[in-house]
file query_3.txt (compact mmCIF, C-alpha atoms)
# COMPACT_ATOMS: atom_id res chain seq x y z
CA MET Q 1 110.48 -24.32 99.64
CA PRO Q 2 112.49 -21.04 99.72
CA LEU Q 3 109.24 -19.21 100.51
CA LEU Q 4 108.47 -21.66 103.31
CA ASP Q 5 112.00 -21.29 104.68
CA ALA Q 6 111.66 -17.51 104.62
CA ALA Q 7 108.30 -17.73 106.40
CA ASN Q 8 109.85 -20.05 108.98
CA LEU Q 9 112.66 -17.60 109.71
CA ALA Q 10 110.39 -14.55 109.77
CA THR Q 11 107.84 -16.11 112.11
CA LYS Q 12 110.57 -17.23 114.49
CA ILE Q 13 111.88 -13.68 114.71
CA LEU Q 14 108.36 -12.40 115.34
CA LEU Q 15 107.66 -15.01 118.01
CA TYR Q 16 110.98 -14.45 119.76
CA GLY Q 17 110.56 -10.69 119.68
CA ALA Q 18 106.95 -10.75 120.92
CA SER Q 19 107.71 -13.27 123.65
CA LEU Q 20 110.80 -11.51 124.97
CA ALA Q 21 109.01 -8.16 124.90
CA ALA Q 22 106.09 -9.67 126.82
CA ILE Q 23 108.42 -11.22 129.39
CA GLY Q 24 110.29 -7.96 129.82
CA ALA Q 25 107.14 -5.87 130.12
CA ALA Q 26 105.66 -8.30 132.64
CA LEU Q 27 108.78 -8.42 134.82
CA HIS Q 28 109.37 -4.68 134.65
CA GLY Q 29 105.74 -4.06 135.52
CA ALA Q 30 105.92 -6.44 138.47
CA LEU Q 31 109.01 -4.58 139.70
CA GLY Q 32 107.31 -1.21 139.33
CA LEU Q 33 109.53 -0.01 136.49
CA HIS Q 34 106.48 0.94 134.44
CA THR Q 35 102.73 1.24 134.95
CA ASN Q 36 101.50 0.77 131.37
CA ARG Q 37 99.14 -2.16 131.84
CA ARG Q 38 97.59 -1.50 128.43
CA ALA Q 39 100.83 -2.78 126.93
CA TYR Q 40 100.06 -6.16 128.48
CA THR Q 41 96.95 -6.46 126.30
CA TRP Q 42 98.81 -5.78 123.06
CA LEU Q 43 101.75 -8.00 123.95
CA ALA Q 44 99.45 -10.84 125.04
CA ALA Q 45 97.70 -10.62 121.67
CA LEU Q 46 101.06 -10.62 119.86
CA VAL Q 47 102.31 -13.67 121.74
CA ALA Q 48 99.09 -15.58 121.06
CA ALA Q 49 99.03 -14.56 117.38
CA THR Q 50 102.68 -15.37 116.70
CA THR Q 51 102.35 -18.69 118.52
CA LEU Q 52 99.39 -19.62 116.33
CA ILE Q 53 101.26 -18.56 113.20
CA ARG Q 54 104.26 -20.65 114.25
CA LEU Q 55 102.01 -23.68 114.62
CA LEU Q 56 100.68 -23.11 111.12
CA ILE Q 57 104.20 -22.81 109.71
CA LEU Q 58 105.24 -25.99 111.51
CA ASN Q 59 102.21 -27.69 110.02
CA ALA Q 60 103.19 -26.38 106.59
CA GLN Q 61 106.68 -27.81 107.05
CA MET Q 62 105.18 -31.17 107.94
CA GLY Q 63 103.08 -31.00 104.79
CA GLY Q 64 105.94 -29.80 102.61
CA SER Q 65 104.48 -26.48 101.44
CA LEU Q 66 102.81 -23.30 102.65
CA GLY Q 67 99.57 -24.58 101.15
CA ALA Q 68 99.53 -27.33 103.78
CA ALA Q 69 99.49 -24.86 106.69
CA LEU Q 70 95.77 -25.41 107.35
CA SER Q 71 95.75 -29.10 106.52
CA LEU Q 72 94.58 -31.45 109.26
CA ASP Q 73 96.24 -34.47 107.67
CA GLN Q 74 99.54 -34.00 109.48
CA PHE Q 75 98.43 -31.74 112.32
CA GLY Q 76 98.65 -34.59 114.82
CA TRP Q 77 102.38 -34.80 114.17
CA THR Q 78 102.68 -31.02 114.32
CA TRP Q 79 100.93 -30.91 117.68
CA ALA Q 80 103.03 -33.77 119.03
CA GLY Q 81 106.16 -31.70 118.45
CA GLY Q 82 104.90 -28.18 119.08
CA GLY Q 83 101.82 -28.60 121.24
CA ARG Q 84 103.33 -28.34 124.71
CA PRO Q 85 105.41 -25.22 124.06
CA ALA Q 86 102.43 -23.64 122.30
CA LEU Q 87 100.20 -24.31 125.31
CA ALA Q 88 102.77 -22.71 127.63
CA LEU Q 89 102.92 -19.65 125.38
CA PHE Q 90 99.14 -19.42 125.11
CA ALA Q 91 98.86 -19.74 128.89
CA GLY Q 92 101.38 -16.95 129.31
CA ALA Q 93 99.39 -14.76 126.93
CA VAL Q 94 96.19 -15.40 128.90
CA LEU Q 95 97.92 -14.59 132.19
CA LEU Q 96 99.38 -11.42 130.73
CA PHE Q 97 95.96 -10.34 129.47
CA ALA Q 98 94.55 -11.02 132.93
CA ALA Q 99 97.34 -8.86 134.38
CA SER Q 100 96.11 -5.97 132.24
CA ILE Q 101 92.78 -6.14 134.08
CA ALA Q 102 93.70 -7.15 137.62
CA LYS Q 103 96.27 -5.24 139.65
CA GLY Q 104 99.13 -6.96 141.40
CA ARG Q 105 102.52 -8.48 140.73
CA ILE Q 106 101.71 -12.17 140.72
CA LEU Q 107 99.91 -12.41 137.37
CA PRO Q 108 102.61 -10.66 135.30
CA MET Q 109 105.31 -12.73 136.96
CA LEU Q 110 103.41 -15.95 136.25
CA ALA Q 111 102.92 -14.80 132.66
CA ALA Q 112 106.66 -14.23 132.24
CA VAL Q 113 107.48 -17.64 133.71
CA SER Q 114 104.92 -19.42 131.53
CA ILE Q 115 106.17 -17.80 128.32
CA SER Q 116 109.77 -18.60 129.25
CA ALA Q 117 108.80 -22.21 129.96
CA GLY Q 118 107.47 -22.48 126.42
CA PHE Q 119 110.99 -22.08 125.08
CA GLY Q 120 112.35 -24.66 127.51
CA LEU Q 121 109.97 -27.21 126.01
CA THR Q 122 111.29 -26.85 122.47
CA GLY Q 123 114.49 -26.22 120.56
CA HIS Q 124 117.78 -28.08 120.45
CA THR Q 125 117.90 -28.83 124.18
CA ALA Q 126 114.56 -30.63 124.00
CA GLY Q 127 116.08 -32.91 121.36
CA LEU Q 128 119.05 -33.96 123.47
CA GLU Q 129 119.23 -37.65 124.30
CA ALA Q 130 119.50 -36.80 128.00
CA PRO Q 131 118.41 -33.17 128.38
CA GLY Q 132 118.66 -33.14 132.17
CA LEU Q 133 118.55 -29.56 133.44
CA ALA Q 134 119.07 -28.01 130.01
CA PRO Q 135 115.38 -27.18 129.32
CA TRP Q 136 115.12 -25.53 132.74
CA VAL Q 137 118.26 -23.53 132.04
CA VAL Q 138 116.76 -22.44 128.71
CA ALA Q 139 113.67 -21.16 130.51
CA VAL Q 140 115.78 -19.19 133.00
CA HIS Q 141 117.97 -17.89 130.17
CA VAL Q 142 114.94 -16.64 128.24
CA LEU Q 143 113.40 -15.13 131.38
CA ILE Q 144 116.52 -13.06 132.08
CA ALA Q 145 116.93 -12.14 128.41
CA GLY Q 146 113.38 -10.79 128.37
CA PHE Q 147 114.08 -8.68 131.45
CA TRP Q 148 117.20 -7.28 129.79
CA LEU Q 149 115.62 -6.71 126.38
CA ALA Q 150 112.92 -4.44 127.80
CA ALA Q 151 115.47 -1.93 129.08
CA PRO Q 152 115.52 0.36 125.99
CA VAL Q 153 111.77 0.89 126.36
CA THR Q 154 111.36 1.03 130.13
CA LEU Q 155 114.46 3.12 130.81
CA TRP Q 156 113.95 5.52 127.91
CA PRO Q 157 114.09 9.07 129.37
CA ALA Q 158 110.86 10.33 127.83
CA PRO Q 159 110.15 14.07 128.21
CA ALA Q 160 107.05 13.26 130.27
CA LEU Q 161 109.22 11.63 132.96
CA THR Q 162 110.83 13.79 135.60
CA ASP Q 163 114.56 13.56 136.23
CA ARG Q 164 113.80 11.84 139.52
CA ASP Q 165 111.66 9.21 137.76
CA VAL Q 166 114.35 8.50 135.16
CA LEU Q 167 116.99 8.11 137.85
CA ALA Q 168 114.74 5.90 139.98
CA ARG Q 169 114.03 3.57 137.06
CA ALA Q 170 117.70 3.33 136.13
CA GLU Q 171 118.70 2.56 139.70
CA SER Q 172 115.93 -0.02 140.19
CA PHE Q 173 116.85 -1.78 136.96
CA SER Q 174 120.55 -1.79 137.84
CA ARG Q 175 119.93 -3.28 141.28
CA VAL Q 176 118.31 -6.32 139.69
CA ALA Q 177 120.46 -6.52 136.56
CA ARG Q 178 123.78 -6.64 138.40
CA PHE Q 179 122.75 -9.95 139.96
CA ILE Q 180 120.87 -11.73 137.18
CA VAL Q 181 122.63 -10.63 133.98
CA PRO Q 182 125.84 -12.55 134.84
CA LEU Q 183 123.60 -15.61 135.19
CA LEU Q 184 122.47 -14.99 131.61
CA PHE Q 185 126.04 -15.43 130.39
CA VAL Q 186 126.72 -18.46 132.59
CA SER Q 187 123.55 -20.17 131.37
CA GLY Q 188 124.41 -19.29 127.77
CA VAL Q 189 127.84 -20.88 128.03
CA TYR Q 190 126.34 -23.95 129.70
CA LEU Q 191 123.73 -24.36 126.95
CA PHE Q 192 126.35 -23.91 124.23
CA TRP Q 193 128.39 -26.70 125.82
CA ARG Q 194 125.38 -29.01 126.32
CA ILE Q 195 124.22 -28.63 122.74
CA ASN Q 196 127.60 -28.67 121.01
CA GLY Q 197 129.94 -30.47 123.37
CA ASP Q 198 133.19 -29.75 121.56
CA LEU Q 199 133.80 -25.99 121.49
CA THR Q 200 136.53 -26.11 118.83
CA SER Q 201 134.51 -28.07 116.28
CA ALA Q 202 131.41 -26.03 117.07
CA LEU Q 203 133.21 -22.82 116.14
CA ASN Q 204 134.09 -24.37 112.79
CA SER Q 205 130.39 -24.66 111.97
CA GLY Q 206 127.96 -21.99 110.85
CA TYR Q 207 125.89 -22.59 113.97
CA GLY Q 208 128.85 -22.08 116.26
CA ARG Q 209 129.94 -18.91 114.50
CA LEU Q 210 126.42 -17.50 114.72
CA LEU Q 211 126.31 -18.14 118.46
CA ALA Q 212 129.79 -16.67 118.87
CA THR Q 213 128.57 -13.52 117.13
CA LYS Q 214 125.56 -13.45 119.44
CA PHE Q 215 127.89 -13.77 122.43
CA LEU Q 216 130.02 -10.85 121.25
CA ALA Q 217 126.93 -8.70 120.74
CA ALA Q 218 125.75 -9.62 124.23
CA LEU Q 219 129.16 -8.65 125.62
CA LEU Q 220 128.80 -5.23 124.00
CA ILE Q 221 125.39 -4.82 125.62
CA LEU Q 222 126.86 -5.89 128.95
CA GLY Q 223 129.55 -3.25 128.56
CA LEU Q 224 126.93 -0.61 127.83
CA GLY Q 225 124.97 -1.80 130.85
CA ALA Q 226 128.05 -1.42 133.04
CA LEU Q 227 128.49 2.09 131.64
CA ASN Q 228 124.88 2.90 132.48
CA MET Q 229 125.22 1.55 136.03
CA THR Q 230 128.33 3.60 136.73
CA ARG Q 231 128.81 6.75 134.70
CA VAL Q 232 125.35 7.36 133.25
CA THR Q 233 123.44 6.73 136.48
CA HIS Q 234 125.83 9.08 138.28
CA GLN Q 235 125.25 11.70 135.59
CA LEU Q 236 121.49 11.37 135.97
CA ALA Q 237 121.94 12.31 139.62
CA THR Q 238 124.40 15.17 139.10
CA ASP Q 239 123.83 16.45 135.55
CA ALA Q 240 120.42 15.34 134.36
CA VAL Q 241 120.71 16.86 130.87
CA SER Q 242 123.94 15.03 130.05
CA GLY Q 243 122.71 11.91 131.80
CA ARG Q 244 119.54 11.79 129.72
CA ALA Q 245 121.48 12.32 126.49
CA ASN Q 246 123.98 9.57 127.27
CA LEU Q 247 121.24 7.22 128.42
CA ARG Q 248 119.38 7.72 125.14
CA ALA Q 249 122.58 7.04 123.19
CA THR Q 250 123.38 3.80 125.00
CA LEU Q 251 119.79 2.57 124.84
CA ARG Q 252 119.69 3.15 121.07
CA VAL Q 253 122.77 0.98 120.65
CA ASP Q 254 121.24 -1.61 122.99
CA ALA Q 255 118.10 -1.75 120.85
CA VAL Q 256 120.09 -2.28 117.64
CA LEU Q 257 122.15 -5.04 119.23
CA PHE Q 258 119.04 -6.72 120.61
CA VAL Q 259 117.50 -6.83 117.12
CA LEU Q 260 120.76 -8.29 115.80
CA ILE Q 261 120.72 -10.98 118.49
CA LEU Q 262 117.10 -11.90 117.70
CA GLY Q 263 118.02 -12.37 114.05
CA ILE Q 264 121.05 -14.47 114.96
CA ILE Q 265 119.05 -16.74 117.26
CA ALA Q 266 116.37 -17.26 114.63
CA ALA Q 267 119.00 -18.00 111.98
CA ALA Q 268 120.87 -20.39 114.26
CA THR Q 269 117.73 -22.45 114.84
CA THR Q 270 116.51 -22.27 111.23
CA ILE Q 271 119.23 -22.19 108.59
CA SER Q 272 121.89 -23.82 110.72
CA GLY Q 273 122.18 -26.23 113.61
CA PRO Q 274 124.58 -27.71 116.15
CA VAL Q 275 127.39 -30.01 115.15
CA GLU Q 276 126.27 -33.62 115.02
call {"tool": "encode", "arguments": {"input": "query_3.txt", "output": "structure tokens"}}
result
Amino acid sequence: MPLLDAANLATKILLYGASLAAIGAALHGALGLHTNRRAYTWLAALVAATTLIRLLILNAQMGGSLGAALSLDQFGWTWAGGGRPALALFAGAVLLFAASIAKGRILPMLAAVSISAGFGLTGHTAGLEAPGLAPWVVAVHVLIAGFWLAAPVTLWPAPALTDRDVLARAESFSRVARFIVPLLFVSGVYLFWRINGDLTSALNSGYGRLLATKFLAALLILGLGALNMTRVTHQLATDAVSGRANLRATLRVDAVLFVLILGIIAAATTISGPVE
């Protein structure tokens, strides 16, 4: 069982990372923040592969061991619980692959929405007695998180980019982020309340403390984002060398914090859970 638990945690991290990266790449591409359509192909393959692996791990959990991953005996139960979110993720992967072939903004946006919807169809909110809007809020939360997570890649001031290109990307990202990132925090607080109810008792649990740590990490990223929107963006316009250096520094910290948050989310949904 420890091996199965480790596989469960690892595959969740992989699925979350691949899905959020795909969402971010799709949204950033639709907004013109990058033109690397080849990335869509690789990310679509990653989303499809990690979704399939997650189904196999769920099947193994139903069977009680990793050896039961390919067993058809309990797959009906596995599909009953994980089929709909898997279909949404597979559909998103197909749409993203199509976006790598056909030009336009609609396909990548649809891909991002479909992948986000997959997370709204599963998890703790799906298990609520009266979920109401919670699954929809999860989908929006994941959609915005994906947009935010892609920043260290899209905004990275690569030597091949001109100073004007780096500044244009930073400004375009900031124009969108200043409106939707606050919604990420509002939706996160709402979901924490819907799942846990009592804030005080939730913080006395491992699950609550994990989510509190995630919230603090997200606040740090928000602070770095505010720094980028004010000081760093101004530096990119007036002192490109310093601006590039500071942008690289903040994006490195962002990337580390994003990895930390992915691990926390996976742990919160695997080795812990909300207060009953």
call {"tool": "residues_around", "arguments": {"input": "query_3.txt", "residues": "stretch 239-244 of chain Q", "least_positions_apart": "5", "cutoff": "12 Å", "atoms": "only C-alpha atoms", "output": "list in words"}}
result
Leu155, Trp156, Pro157, Ala158, Pro159, Leu161, Thr162, Asp163, Arg164, Asp165, Val166, Leu167, Ala170, Leu227, Asn228, Met229, Thr230, Arg231, Val232, Thr233, His234, Ala249, Thr250 and Leu251 of chain Q
call {"tool": "residues_near_point", "arguments": {"input": "query_3.txt", "point": "(102.4, -19.2, 114.0)", "cutoff": "12 Å", "atoms": "only C-alpha atoms", "output": "number ranges by chain"}}
result
Q: 7-16, 18, 46-61, 69-70, 78, 82-83, 86, 89-90
call {"tool": "write_last_selection", "arguments": {"input": "query_3.txt", "atoms": "C-alpha atoms", "output": "PDB file, in the frame of the given file"}}
result
ATOM      1  CA  ALA Q   7     108.300 -17.730 106.400  1.00  0.00           C
ATOM      2  CA  ASN Q   8     109.850 -20.050 108.980  1.00  0.00           C
ATOM      3  CA  LEU Q   9     112.660 -17.600 109.710  1.00  0.00           C
ATOM      4  CA  ALA Q  10     110.390 -14.550 109.770  1.00  0.00           C
ATOM      5  CA  THR Q  11     107.840 -16.110 112.110  1.00  0.00           C
ATOM      6  CA  LYS Q  12     110.570 -17.230 114.490  1.00  0.00           C
ATOM      7  CA  ILE Q  13     111.880 -13.680 114.710  1.00  0.00           C
ATOM      8  CA  LEU Q  14     108.360 -12.400 115.340  1.00  0.00           C
ATOM      9  CA  LEU Q  15     107.660 -15.010 118.010  1.00  0.00           C
ATOM     10  CA  TYR Q  16     110.980 -14.450 119.760  1.00  0.00           C
ATOM     11  CA  ALA Q  18     106.950 -10.750 120.920  1.00  0.00           C
ATOM     12  CA  LEU Q  46     101.060 -10.620 119.860  1.00  0.00           C
ATOM     13  CA  VAL Q  47     102.310 -13.670 121.740  1.00  0.00           C
ATOM     14  CA  ALA Q  48      99.090 -15.580 121.060  1.00  0.00           C
ATOM     15  CA  ALA Q  49      99.030 -14.560 117.380  1.00  0.00           C
ATOM     16  CA  THR Q  50     102.680 -15.370 116.700  1.00  0.00           C
ATOM     17  CA  THR Q  51     102.350 -18.690 118.520  1.00  0.00           C
ATOM     18  CA  LEU Q  52      99.390 -19.620 116.330  1.00  0.00           C
ATOM     19  CA  ILE Q  53     101.260 -18.560 113.200  1.00  0.00           C
ATOM     20  CA  ARG Q  54     104.260 -20.650 114.250  1.00  0.00           C
ATOM     21  CA  LEU Q  55     102.010 -23.680 114.620  1.00  0.00           C
ATOM     22  CA  LEU Q  56     100.680 -23.110 111.120  1.00  0.00           C
ATOM     23  CA  ILE Q  57     104.200 -22.810 109.710  1.00  0.00           C
ATOM     24  CA  LEU Q  58     105.240 -25.990 111.510  1.00  0.00           C
ATOM     25  CA  ASN Q  59     102.210 -27.690 110.020  1.00  0.00           C
ATOM     26  CA  ALA Q  60     103.190 -26.380 106.590  1.00  0.00           C
ATOM     27  CA  GLN Q  61     106.680 -27.810 107.050  1.00  0.00           C
ATOM     28  CA  ALA Q  69      99.490 -24.860 106.690  1.00  0.00           C
ATOM     29  CA  LEU Q  70      95.770 -25.410 107.350  1.00  0.00           C
ATOM     30  CA  THR Q  78     102.680 -31.020 114.320  1.00  0.00           C
ATOM     31  CA  GLY Q  82     104.900 -28.180 119.080  1.00  0.00           C
ATOM     32  CA  GLY Q  83     101.820 -28.600 121.240  1.00  0.00           C
ATOM     33  CA  ALA Q  86     102.430 -23.640 122.300  1.00  0.00           C
ATOM     34  CA  LEU Q  89     102.920 -19.650 125.380  1.00  0.00           C
ATOM     35  CA  PHE Q  90      99.140 -19.420 125.110  1.00  0.00           C
TER      36      PHE Q  90
END
call {"tool": "closest_residue", "arguments": {"input": "query_3.txt", "among": "Q:Gly24, Q:Leu236, Q:Gly188, Q:Phe97", "to": "Q:Ala168", "atoms": "only C-alpha atoms"}}
result
Q:Leu236
call {"tool": "closest_residue", "arguments": {"input": "query_3.txt", "among": "Q:Arg169, Q:Val142, Q:Leu110, Q:Gly123", "to": "Q:Thr270", "atoms": "all atoms listed in the file"}}
result
Q:Gly123
call {"tool": "closest_residue", "arguments": {"input": "query_3.txt", "among": "Q:Leu3, Q:Ala80, Q:Val113, Q:Gly63", "to": "Q:Ala26", "atoms": "only C-alpha atoms"}}
result
Q:Val113
call {"tool": "atom_distance", "arguments": {"input": "query_3.txt", "atom1": "atom CA of Q:Ala6", "atom2": "atom CA of Q:Ile23"}}
result
25.8 Å
call {"tool": "atom_distance", "arguments": {"input": "query_3.txt", "atom1": "atom CA of Q:Ser65", "atom2": "atom CA of Q:Leu210"}}
result
27.2 Å
call {"tool": "closest_residue", "arguments": {"input": "query_3.txt", "among": "Q:Ala134, Q:Ile265, Q:Ala218, Q:Leu260", "to": "Q:Pro182", "atoms": "all atoms listed in the file"}}
result
Q:Ala218
call {"tool": "atom_distance", "arguments": {"input": "query_3.txt", "atom1": "atom CA of Q:Ala111", "atom2": "atom CA of Q:Ala145"}}
result
14.9 Å
call {"tool": "residues_around", "arguments": {"input": "query_3.txt", "residues": "Q:Ala39", "least_positions_apart": "2", "cutoff": "12 Å", "atoms": "all atoms listed in the file", "output": "list in words"}}
result
Ala18, Ala21, Ala22, Ile23, Gly24, Ala25, Ala26, His28, Gly29, His34, Thr35, Asn36, Arg37, Thr41, Trp42, Leu43, Ala44, Ala45, Leu46, Leu96, Phe97, Ala98, Ala99, Ser100, Ile101, Pro108, Val153 and Thr154 of chain Q
call {"tool": "closest_residue", "arguments": {"input": "query_3.txt", "among": "Q:Gly146, Q:Gly206, Q:Gly118, Q:Gly32", "to": "Q:Leu262", "atoms": "only C-alpha atoms"}}
result
Q:Gly146
call {"tool": "closest_residue", "arguments": {"input": "query_3.txt", "among": "Q:Ile261, Q:Val140, Q:Met62, Q:Met109", "to": "Q:Leu184", "atoms": "all atoms listed in the file"}}
result
Q:Val140
